[in-house]
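Single-structure report; data block below.
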Amino acid sequence: MLKQVEGSVAIAESVALCRPEVICAYPITPQTHIVEALSRMVKDGRLHPCEYINVESEFAALSVAIGASACGARAYTATASQGILFMAEAVYNASGLGLPMVMTVGNRAIGAPINIWNDHTDSMALRDAGWIQLYAETNQEAADLHIQAFRLSEAISLPVMVCVDGFILTHAYERVDVPTQEQVDAYLPRYEPRQVLDPAEPVTIGAMVGPEAFMEVRYLAHHRQMEAIGLIPELAAEFHAVFGRDSGGLLHAYRTEDADTVVCALGSVNGTIKDVVDELRDDGVRIGSISLCSFRPFPMAALASAIGTAKRVVTIEKSLSIGIGGNLSHNLRMALQGRGGEVHTVIAGLGGRSITRESLRRVFREAIENRLEPLSFLDLDRGVVERQLERERQVRRSGPAAEAILRDIGAVAARPV
Amino acid sequence: MNKPFAITLDVGSSLANKTGSWRTERPVYVDRLPPCNHACPAGENIQQWLYHAEEGNYEAAWREIMRNNPLPAVMGRACYHPCEGACNRAQLDRPVGIHAIERFLGDEAIRCGWKMPVEAPSSGKNVLVVGAGPSGLSCGYHLTLMGHQATIYEAGPMAGGMMRFGIPKYRLPRDILDAEIRRIEEMGVAIRLDTKVADLAETMRTHPFDAVFLAVGAHLAKRAYLPAGDASRILDAIGLLHNLETGEKPLLGRRVLVYGGGNTAMDAARTAKRLGAEETIVVYRRTRERMPAHDFEVQEAMEEGIMFKWLSTIKAESGGTFTVEKMRLDDKGKPQPTGAFETMEADSLILALGQDVDLSFLTRVEGLEIEDGVVKVGPDMMTGCRGVFAGGDMVPAERTITVAVGHGKKAARNIDAYLRGATYAPPPKHELAAFDKLNPWYYADASPTVQPILDRARRESTFEEVVSGLDESNALFEARRCLSCGNCFECDNCYGVCPDNAVIKLGRGNRFEFNYDYCKGCGLCVQECPCGAIRMEPEQI
Amino acid sequence: MSGPAQVKFYQTGTFTIGNRLLDVSVRSVQADENRSNSLTSGHRACQGCGEALGARYALDTAMRATGNRIVVANATGCLEVFSTPYPESSWQMPWLHSLFGNAPAVATGMAAAMKVKGRTDVRVIAQGGDGGTVDIGFGCLSGMFERNDDVLYICYDNEAYMNTGVQRSSATPPAARTATTPAVGGEPGNVMHQGKNVPLIAMAHGIPYVATATVADLRDLEYKVDRAMGIHGARYLHVHVPCPLGWGSAPHDTVKVARLAVECGLFPVFEAVDGEVVGRRTIRRRVATDEYLKLQSRFRHLFSPKRDEERLAAIQAIADRNIARFGLLGEGVPA
């Protein structure tokens with residue numbers, strides 16, 4: 001049913017249709033609206049049976065999900081930013097134990113300086129934690145990915161993170177086709193755990209594993225993600241069959257067939273990118289884009305195939321791997337091994353900075369004209385940076401950089417030093 | 001379940017890991033010798049029969065006593081219970097009232113008519129026992145159990161010896177004594193009363209016995225030299241008690257002195273009181289602390305109004321006036337005369353200065369040696385004459401009925417071996433279960449109410465018998481005060497406190513076993529065993 | 001106090017693990033030939049490990065109380081490491097180890113799963129050492145208490161981080177030597193702190209049941225586990241478990257050390273219902289705290305090279321305060 005709803009509500013309704021049995025929630029912006037909506041559904045009985053647990057931290061939230069999943073319950077939680085770092089230990093643990101569950105990450109920057117706005121630093125920090133990571137481009141996809149995520153998670157017994165851009169998606173009111181219960185039930189079977197804590201058939205889960213078997217355990221986790229590369233498109237195809245629309249899959253390629261230049265990005269920024277691609281195509285530029293949905297597992301073959309014979313790839317990345325640059329481009333180079341072509345990393349939109357069509361068009365043109373550096377920072381105010389660096393050169397105790405910059409750009413009143 | 005590799009394991013799979021290899025010492029179950037058993041002159045396995053009594057299995061308890069002592073009802077009354085003196089429980093509160101439980105069991109056996117079956121096939125051997133006192137009866141009983149025919153020649157008109165003629169009725173009712181003797185007779189021990197052996201050599205020559213056990217006791221009262229105007233006022237304690245038993249009631253008068261400080265003196269004084277003496281005074285040359293009489297006898301005598309005159313010797317008598325010399329104790333605790341005299345008025349004086357053995361019937365027995373008025377025996381109870389054994393008061397030992405019973409048993413075992421042409425080898429004694437081997441924490445405190453009830457039951461007087469018996473529930477409680485020193489009583493502590501489940505419980509009555517596959521040798525079981533029935537031993541590496 | 005059934009004056013009463021004279025119905029779980037051995041042989045705990053003992057005592061009781069229908073969440077620590085090194089597990093019931101600090105939350109998830117699946121017959125237990133409980137897991141523990149989740153949490157308190165090599169935890173007693181409070185300097189050993197009394201903190205949450213116990217009093221421990229399993233909601237059991245390795249006590253003295261901790265007053269054994277103390281285990285044979293301390297080399301510096309009178313008196317004062325505060329002196333026990 002088509003609805004004009006907030007992204008968070010669409011996600012919540014989608015999650016609810018998956019009949020989660022245990023939901024654990026701890027508030028953190030910008031995922032709060034999702035768990036608020038779910039709490040209402042559990043409280044008023046629309047979502048039943050379901051245990052909704054208000055925990056005391058994100059660490060507890062994921063831990064509750066671990067316990068629930070180990071006992072055979074379909075478990076769900078949501079988090080963002082500092083929250084996913086606070087639960088980081090449990091993030092690794094859930095995947096290490098092979099426990100299926102779904103967690104929404106309302107992508108948000110990590111402090112300090114504290115910042116509530118969107119970028120991908122949070123989920124990127126946990127990219128190697130063994131979870132499947134799916135990035136939603138639109139609210140429709142965000143809602144749909146959750147349904148696929150439960151199916152995928154339970155099929156391969158690994159936890160799945162659905163990454164949804166904070167505010168840009170979570171708080172945006174868009175038209176979303178929320179499926180029916182019958183559709184979801186047809187797509188998502190009852191959870192049949194691979195391992196479960198049951199007094200009738202007791203097992204010990206979570207052994208201490210030494211050097212003699214640890215490598216193998218880790219390899220098996222990798223192997224399972226590699227298998228997921230095959231499964232993800234199958235599930236997307238099946239989804240299409242039941243729900244009648246394309247959602248999910250490994251990636252979405254847009255006008256890449258004869259492209260010399262391919263732009264690659266995660267999440268909602270792909271909407272803007274596609275607009276710019278259209279504009280440039282109108283100008284006769286052979287450019288296309290790829291919205292990478294599955295970042296973990298990283299679909300190298302599919303990516304290589306979508307990039308095809310393009311001369312260059314430009315990544316638009318909402319996270320900065322400080323000290324080197326981009327995460328996506330770094331990974332992407334693995335997919336392009338053995339073939340020519342340049343990869344340009346463009347760090348963009350950190351801490352919620354707008355990524356405008358104009359800026360994108362400029363940077364794409366620079367790339368096409370071979371004027372783009374391997375690593376660049378979209379709309380970075382060089383003046384502010386230079387002035388701060390100069391202050392630091394002159395005064396040892398130059399004070400907090402963030403505050404100095406805000407004062408510099410006039411966001412806060414200057415005060416006597 | 002399709003278990004993820006390495007992370008998810010099968011339950012209980014650690015059994016594959018044999019942690020026993022860590023061990024440098026191993027615990028082993030042992031049976032140590034409980035101090036009560038160790039102290040029992042009759043060799044009773046007291047801890048073992050208490051074990052049965054604790055369970056309320058009185059017949060099994062009684063049968064355990066009967067393995068060593070055929071007279072539990074008598075012994076429970078008349079034994080001076082050295083077991084209780086040795087009892088480790090004394091270090092917690094008070095010793096277990098072993099004698100009271102034994103008496104209860106003995107009485108229960110009489111009441112229920114429990115018998116001892118003779119299961120051994122007849123050996124065809126005949127053994128002569130001289131004297132039907134505790135030692136002779138015990139020997140006859142044990143010989144019978146071993147398949148030999150025992151015939152007891154008793155000089156007197158009744159069997160029982162000192163149990164009858166030395167212990168007053170108020171301590172040992174005669175129906176009890178009779179019942180236990182009758183039970184022995186019914187097993188096949190022949191008792192010939194009024195059959196005095198005047199010359200053993202002659203008897204042995206005329207009667208073809210395969211072996212002889214001598215147990216005639218010590219009946220001759222020791223006399224003190226006492227210049228006396230009126231000898232009729234002076235009598236001996238053994239004679240008094242004997243006459244009383246055979247129906248003669250001596251006239252003692254209103255005021256009676258008893259001279260001596262042993263148990264017989266106490267018996268005599270208390271008997272005099274019962275015969276109508278208004279005042280009975282025990283005259284003793286030393287102090288109470290140095291009296292050979294058992295303290296509880298002195299205590300009971302005092303409670304009955306018997307008076308005591310310490311540090312005094314009687315020097316002479318004249319017309320009912322006794323001259324008494326004051327004594328003092330020297331550095332070694334020996335009484336020394338002071339030269340200070342006083343007089344005491346009395347109607348009669350009972351001498352209780354000890355007894356001698358009548359050895360006249362042994363003069364012609366070849367090889368038999370006599371020393372200090374008693375018959376010498378070897379560790380096997382055999383006299384210098386082959387095939388002639390002796391025990392009880394006539395051999396060098398403490399003169400108690402329990403020692404006598406023990407001698408009878410020991411002699412019987414050696415006679416049995418002798419008759420088979422073998423040598424009796426007693427089983428090796430276990431290490432003593434001293435108090436320091438116990439973990440006394442685990443023993444429940446006697447609740448404040450229970451202990452006085454038990455005490456009263458043990459001590460209250462009736463006219464007939466001074467100390468009454470325990471009833472069933474009291475006896476059970478008392479038995480359950482036993483610490484079971486040195487012997488497993490299946491408290492499950494080892495089974496429980498082992499952090500490695502390395503103790504296997506074999507089920508009631510079968511105790512436990514160590515599973516050395518897993519025992520790491522921590523020693524917790526040893527430390528927490530209440531009764532000291534486990535020991536650590538170095539592992540053989 | 002309410003407390004375990006006391007058997008009247010029998011040979012050993014109810015102090016021993018079993019007693020062949022007792023009726024089967026009142027025997028301890030540990031006396032049973034068919035007890036679960038929830039933590040079975042072959043585990044790699046040190047010789048004389050109090051925690052291994054306490055865990056089996058507690059879980060066997062819970063197994064009996066529930067007809068073997070429990071699931072267990074275990075915090076990281078000695079108990080976890082010595083029981084489940086791949087490829088062998090010593091546990092006999094469904095058991096999950098997740099992390100050091102999250103056992104209470106994992107258990108909450110388990111309880112939620114059981115509830116939502118209608119498995120009301122299956123009960124949830126979480127357990128850990130003092131580090132996992134009073135320190136790193138404290139936030140999750142408090143959350144579990146506050147929500148009154150249907151979990152029995154058992155802390156096996158051996159008063160330091162033993163698994164990592166005996167470092168101080170907030171349960172480490174004053175003056176005790178650990179690897180991070182070494183016996184050097186002017187005030188050797190741990191600071192003379194007031195400690196963190198988690199049982200009392202648990203009571204402040206108003207949860208239905210809080211109790212303390214030791215491995216020296218099995219019947220009391222079993223009674224408390226049994227009682228806890230009869231209650232729904234958050235329950236907390238704090239079990240004192242000596243660690244021979246960390247405390248420097250003889251492996252064979254584990255139970256004795258636990259017993260003396262109670263008898264000297266340093267470890268009050270009590271139970272509380274709905275935040276109020278309703279029973280305490282009174283001292284039977286009172287001893288000075290010195291008697292307890294002397295058995296453990298972690299306190300040796302208090303006695304050698306010379307007696308540290310001031311701190312020994314301070315420790316005795318802690319015991320005295322416990323005794324007064326919890327009313328630990330029984331009838332007839334000299335003060």
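The way I read the labels, and the way they are meant: chains A, B, ... in the order of the structure tokens, residue 1 as the first residue of every chain, and ligand 1 as the first ligand shown, with later ones counted on from there.
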
Within 8 Å of chain A, which residues of chain B come that close, and what is the closest atom pair and distance in Å for each? Count only C-alpha atoms and give it as CSV.
residue,atom,partner,partner_atom,distance
B:Met1,CA,A:Gln195,CA,6.0
B:Asn2,CA,A:Arg194,CA,5.9
B:Lys3,CA,A:Gln195,CA,6.0
B:Pro4,CA,A:Gly98,CA,7.5
B:Phe5,CA,A:Val217,CA,6.7
B:Ala6,CA,A:Val209,CA,6.7
B:Ile7,CA,A:Ala207,CA,5.0
B:Thr8,CA,A:Ile205,CA,4.3
B:Leu9,CA,A:Thr204,CA,5.0
B:Asp10,CA,A:Val203,CA,5.4
B:Val11,CA,A:Val203,CA,5.4

For those residues, write C-alpha atoms to a file as a PDB file, in the first residue's frame.
ATOM      1  CA  MET B   1      21.667 -29.416  14.950  1.00  0.00           C
ATOM      2  CA  ASN B   2      24.214 -28.198  12.421  1.00  0.00           C
ATOM      3  CA  LYS B   3      26.673 -26.768  14.902  1.00  0.00           C
ATOM      4  CA  PRO B   4      29.027 -24.020  13.795  1.00  0.00           C
ATOM      5  CA  PHE B   5      32.605 -25.245  13.766  1.00  0.00           C
ATOM      6  CA  ALA B   6      34.595 -24.815  17.002  1.00  0.00           C
ATOM      7  CA  ILE B   7      32.313 -22.138  18.428  1.00  0.00           C
ATOM      8  CA  THR B   8      29.530 -24.491  19.379  1.00  0.00           C
ATOM      9  CA  LEU B   9      30.415 -27.659  21.256  1.00  0.00           C
ATOM     10  CA  ASP B  10      28.756 -30.812  22.450  1.00  0.00           C
ATOM     11  CA  VAL B  11      27.822 -30.747  26.124  1.00  0.00           C
TER      12      VAL B  11
END

Which residues are near range 164-172 of chain B? Cut-off 8 Å, only C-alpha atoms, ignore same chain within fewer than 6 positions. Put them as a PyMOL selection string.
chain B and resi 74+77-78+238+241-242+245+264+267+271+463-467

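CA of Ile405 in chain A is positioned 29.0 Å from CA of Ser329 in chain A.
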
Quick one: residues within 12 Å of Phe104 in chain B, only C-alpha atoms, excluding same-chain residues fewer than 2 positions away - as a ChimeraX atom specification?
/B:50,53,56,58-59,61-62,72-77,97-102,106-112,176,457-458,468-476,478-479

Output C-alpha atoms for every residue in that selection, as a compact mmCIF listing (two decimals), in the first residue's frame.
# COMPACT_ATOMS: atom_id res chain seq x y z
CA LEU B 50 26.87 -47.40 66.65
CA ALA B 53 22.26 -48.08 65.84
CA GLY B 56 17.78 -47.56 64.01
CA TYR B 58 19.26 -52.20 66.58
CA GLU B 59 19.47 -55.87 65.81
CA ALA B 61 24.01 -53.18 66.10
CA TRP B 62 23.51 -55.85 68.73
CA PRO B 72 25.84 -56.34 76.11
CA ALA B 73 23.08 -55.83 78.65
CA VAL B 74 25.49 -56.56 81.49
CA MET B 75 28.29 -54.60 79.96
CA GLY B 76 26.10 -51.59 79.28
CA ARG B 77 25.53 -51.42 83.02
CA GLY B 97 26.98 -42.39 76.15
CA ILE B 98 28.19 -45.61 74.62
CA HIS B 99 27.36 -47.72 77.64
CA ALA B 100 23.80 -46.46 77.71
CA ILE B 101 23.26 -47.41 74.09
CA GLU B 102 24.91 -50.76 74.61
CA GLY B 106 21.32 -55.56 75.26
CA ASP B 107 17.91 -55.05 76.83
CA GLU B 108 16.30 -54.88 73.42
CA ALA B 109 17.88 -58.22 72.55
CA ILE B 110 16.51 -59.80 75.70
CA ARG B 111 13.09 -58.26 75.12
CA CYS B 112 12.99 -59.44 71.52
CA ILE B 176 19.35 -59.23 83.11
CA ALA B 457 17.74 -40.76 81.16
CA ARG B 458 21.19 -42.06 81.83
CA SER B 468 17.64 -46.22 84.20
CA GLY B 469 17.97 -47.00 80.53
CA LEU B 470 17.42 -44.94 77.45
CA ASP B 471 14.22 -45.29 75.56
CA GLU B 472 14.33 -45.88 71.86
CA SER B 473 14.32 -42.26 70.78
CA ASN B 474 16.93 -41.30 73.33
CA ALA B 475 19.12 -44.21 72.33
CA LEU B 476 18.82 -43.19 68.71
CA GLU B 478 22.67 -40.75 71.60
CA ALA B 479 23.92 -43.12 68.92

As a PDB file with C-alpha atoms, in the first residue's frame, please: the residues near range 294-296 of chain C (cut-off 12 Å, only C-alpha atoms, same-chain neighbours under 5 positions excluded).
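Wrote selection_2.pdb, looks like this:
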ATOM      1  CA  ALA C 175      44.826  -4.533  51.828  1.00  0.00           C
ATOM      2  CA  ALA C 176      44.730  -7.609  49.586  1.00  0.00           C
ATOM      3  CA  ARG C 177      47.688  -8.127  47.326  1.00  0.00           C
ATOM      4  CA  THR C 178      46.910  -8.462  43.643  1.00  0.00           C
ATOM      5  CA  PRO C 242      37.826 -18.754  47.393  1.00  0.00           C
ATOM      6  CA  CYS C 243      40.508 -18.891  44.721  1.00  0.00           C
ATOM      7  CA  PRO C 244      43.561 -20.825  45.890  1.00  0.00           C
ATOM      8  CA  LEU C 245      45.719 -19.380  43.137  1.00  0.00           C
ATOM      9  CA  GLY C 246      44.745 -15.760  43.579  1.00  0.00           C
ATOM     10  CA  TRP C 247      44.382 -15.750  47.324  1.00  0.00           C
ATOM     11  CA  GLY C 248      47.417 -17.817  48.063  1.00  0.00           C
ATOM     12  CA  SER C 249      45.487 -20.340  50.077  1.00  0.00           C
ATOM     13  CA  ALA C 250      46.030 -24.089  50.019  1.00  0.00           C
ATOM     14  CA  PRO C 251      43.818 -25.855  47.477  1.00  0.00           C
ATOM     15  CA  HIS C 252      42.533 -28.127  50.210  1.00  0.00           C
ATOM     16  CA  ASP C 253      41.523 -25.118  52.303  1.00  0.00           C
ATOM     17  CA  THR C 254      38.977 -23.711  49.881  1.00  0.00           C
ATOM     18  CA  VAL C 255      35.948 -24.632  51.928  1.00  0.00           C
ATOM     19  CA  LYS C 256      37.663 -23.771  55.172  1.00  0.00           C
ATOM     20  CA  VAL C 257      38.574 -20.313  53.933  1.00  0.00           C
ATOM     21  CA  ALA C 258      34.982 -19.734  52.858  1.00  0.00           C
ATOM     22  CA  ARG C 259      33.758 -20.926  56.220  1.00  0.00           C
ATOM     23  CA  LEU C 260      36.079 -18.598  58.102  1.00  0.00           C
ATOM     24  CA  ALA C 261      35.010 -15.664  55.938  1.00  0.00           C
ATOM     25  CA  VAL C 287      36.791 -16.212  64.957  1.00  0.00           C
ATOM     26  CA  ALA C 288      38.909 -13.096  64.665  1.00  0.00           C
ATOM     27  CA  THR C 289      39.474 -11.803  61.136  1.00  0.00           C
ATOM     28  CA  HIS C 301      52.188  -8.394  54.368  1.00  0.00           C
ATOM     29  CA  LEU C 302      49.757  -7.604  57.171  1.00  0.00           C
ATOM     30  CA  PHE C 303      51.580 -10.076  59.404  1.00  0.00           C
ATOM     31  CA  SER C 304      55.126 -10.058  58.156  1.00  0.00           C
ATOM     32  CA  ARG C 307      52.018  -6.979  62.246  1.00  0.00           C
ATOM     33  CA  LEU C 312      44.370  -5.427  60.843  1.00  0.00           C
TER      34      LEU C 312
END

So that I can check the surroundings of Val198 in chain C, please list as a PyMOL selection string every protein, DNA and RNA residue that reaches within 10 Å of it, counting only C-alpha atoms and ignoring chain neighbours fewer than 4 positions away.
chain C and resi 130+133-135+138+141-142+155+171+202-204+210+236-238

Selection above as a file: N, CA and C atoms, as a PDB file, in the first residue's frame:
ATOM      1  N   ASP C 130      33.376 -11.871  39.744  1.00  0.00           N
ATOM      2  CA  ASP C 130      33.157 -10.538  40.293  1.00  0.00           C
ATOM      3  C   ASP C 130      33.505  -9.466  39.271  1.00  0.00           C
ATOM      4  N   THR C 133      30.748  -8.995  36.929  1.00  0.00           N
ATOM      5  CA  THR C 133      29.500  -8.627  37.595  1.00  0.00           C
ATOM      6  C   THR C 133      29.561  -7.227  38.196  1.00  0.00           C
ATOM      7  N   VAL C 134      30.521  -7.042  39.090  1.00  0.00           N
ATOM      8  CA  VAL C 134      30.507  -5.787  39.841  1.00  0.00           C
ATOM      9  C   VAL C 134      31.246  -4.672  39.108  1.00  0.00           C
ATOM     10  N   ASP C 135      32.048  -5.038  38.100  1.00  0.00           N
ATOM     11  CA  ASP C 135      32.748  -4.008  37.342  1.00  0.00           C
ATOM     12  C   ASP C 135      32.180  -3.871  35.928  1.00  0.00           C
ATOM     13  N   PHE C 138      28.454  -4.307  35.227  1.00  0.00           N
ATOM     14  CA  PHE C 138      27.583  -3.692  36.219  1.00  0.00           C
ATOM     15  C   PHE C 138      26.421  -2.926  35.600  1.00  0.00           C
ATOM     16  N   LEU C 141      23.917  -5.329  34.448  1.00  0.00           N
ATOM     17  CA  LEU C 141      23.304  -5.968  35.614  1.00  0.00           C
ATOM     18  C   LEU C 141      22.221  -5.058  36.200  1.00  0.00           C
ATOM     19  N   SER C 142      22.585  -3.802  36.342  1.00  0.00           N
ATOM     20  CA  SER C 142      21.642  -2.842  36.900  1.00  0.00           C
ATOM     21  C   SER C 142      20.414  -2.710  36.002  1.00  0.00           C
ATOM     22  N   CYS C 155      26.651 -14.338  40.861  1.00  0.00           N
ATOM     23  CA  CYS C 155      28.031 -13.844  40.830  1.00  0.00           C
ATOM     24  C   CYS C 155      28.884 -14.758  41.695  1.00  0.00           C
ATOM     25  N   ALA C 171      35.744  -5.667  43.806  1.00  0.00           N
ATOM     26  CA  ALA C 171      35.386  -6.590  44.884  1.00  0.00           C
ATOM     27  C   ALA C 171      36.609  -7.049  45.673  1.00  0.00           C
ATOM     28  N   ALA C 202      21.865  -4.336  44.692  1.00  0.00           N
ATOM     29  CA  ALA C 202      20.778  -5.105  44.081  1.00  0.00           C
ATOM     30  C   ALA C 202      19.493  -4.895  44.868  1.00  0.00           C
ATOM     31  N   MET C 203      19.614  -4.922  46.178  1.00  0.00           N
ATOM     32  CA  MET C 203      18.430  -4.707  47.020  1.00  0.00           C
ATOM     33  C   MET C 203      17.826  -3.329  46.784  1.00  0.00           C
ATOM     34  N   ALA C 204      18.706  -2.359  46.552  1.00  0.00           N
ATOM     35  CA  ALA C 204      18.209  -1.004  46.321  1.00  0.00           C
ATOM     36  C   ALA C 204      17.377  -0.914  45.044  1.00  0.00           C
ATOM     37  N   VAL C 210      17.338 -11.238  46.708  1.00  0.00           N
ATOM     38  CA  VAL C 210      18.785 -11.055  46.732  1.00  0.00           C
ATOM     39  C   VAL C 210      19.324 -11.933  47.856  1.00  0.00           C
ATOM     40  N   TYR C 236      19.177 -12.066  42.402  1.00  0.00           N
ATOM     41  CA  TYR C 236      20.643 -11.963  42.463  1.00  0.00           C
ATOM     42  C   TYR C 236      21.188 -12.814  43.593  1.00  0.00           C
ATOM     43  N   LEU C 237      22.149 -13.649  43.232  1.00  0.00           N
ATOM     44  CA  LEU C 237      22.814 -14.488  44.241  1.00  0.00           C
ATOM     45  C   LEU C 237      24.311 -14.229  44.151  1.00  0.00           C
ATOM     46  N   HIS C 238      24.878 -13.860  45.269  1.00  0.00           N
ATOM     47  CA  HIS C 238      26.302 -13.509  45.323  1.00  0.00           C
ATOM     48  C   HIS C 238      27.012 -14.580  46.145  1.00  0.00           C
TER      49      HIS C 238
END

Counting only C-alpha atoms, a student should be able to say which residues of chain A come within 9 Å of chain C; what is the right answer, written as JSON, numbers by chain?
{"A": [21, 22, 24, 48, 49, 50, 51, 52, 53, 54, 55, 56, 57, 59, 60, 61, 62, 63, 64, 65, 66, 67, 68, 69, 70, 71, 72, 73, 74, 75, 89, 90, 93, 94, 97, 196, 197, 198, 199, 200, 201, 202, 203, 204, 205, 206, 207, 208, 209, 210, 213]}

What residues in range 224-418 of chain B get the DSSP label strand (DSSP E)? Please answer as a PyMOL selection string.
chain B and resi 234-236+255-259+279-283+307-309+312-318+321-329+335-345+348-351+355-356+370-371+374-375+388-390

What parts of range 248-436 of chain B does DSSP call helix (DSSP H, G or I)? I'd like the answer as a ChimeraX atom specification.
/B:263-274,288-290,295-303,360-362,392-394,401-419,435-436

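Picture a line from CA of Gln82 in chain A to CA of Cys163 in chain A; it runs 14.6 Å.
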
For Leu235 in chain B, find every residue with an atom within 8 Å (counting only C-alpha atoms), except residues of its own chain fewer than 6 positions away, and show them as a count of residues only.
4

From the list A:His330, A:Arg224, A:Arg362, A:Lys318, the nearest residue to Leu280 in chain A using only C-alpha atoms is A:Arg362

So which residues touch Gly352 in chain A within 10 Å, counting only C-alpha atoms, skipping near sequence neighbours fewer than 6 positions away, as an MDAnalysis selection string?
chainID A and resid 108:109 115:120 165:168 318

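Of the residues under consideration (B:Arg481, B:Lys332, B:His294, B:Arg285), B:Arg481 shows the shortest atom-to-atom contact distance to Pro95 in chain B when counting only C-alpha atoms.
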
Which residue is closest to chain B? Choose from C:Ile318, C:Met192, C:Val269, C:Leu218 and count only C-alpha atoms.
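The closest residue to chain B is C:Leu218.
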
Point out the residue among B:Thr246, B:Gln540, B:Asn501, B:Asn57 with the least atom-to-atom distance to chain C, counting only C-alpha atoms.
B:Asn501

CA of Arg508 in chain B and CA of Ser484 in chain B are how many Å apart?
16.1 Å

From the options A:Cys18, A:Ala78, A:Ile34, A:Leu380, which residue's atoms come nearest to Val184 in chain A, counting only C-alpha atoms?
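Residue with the minimum atom-to-atom distance to Val184 in chain A: A:Cys18.
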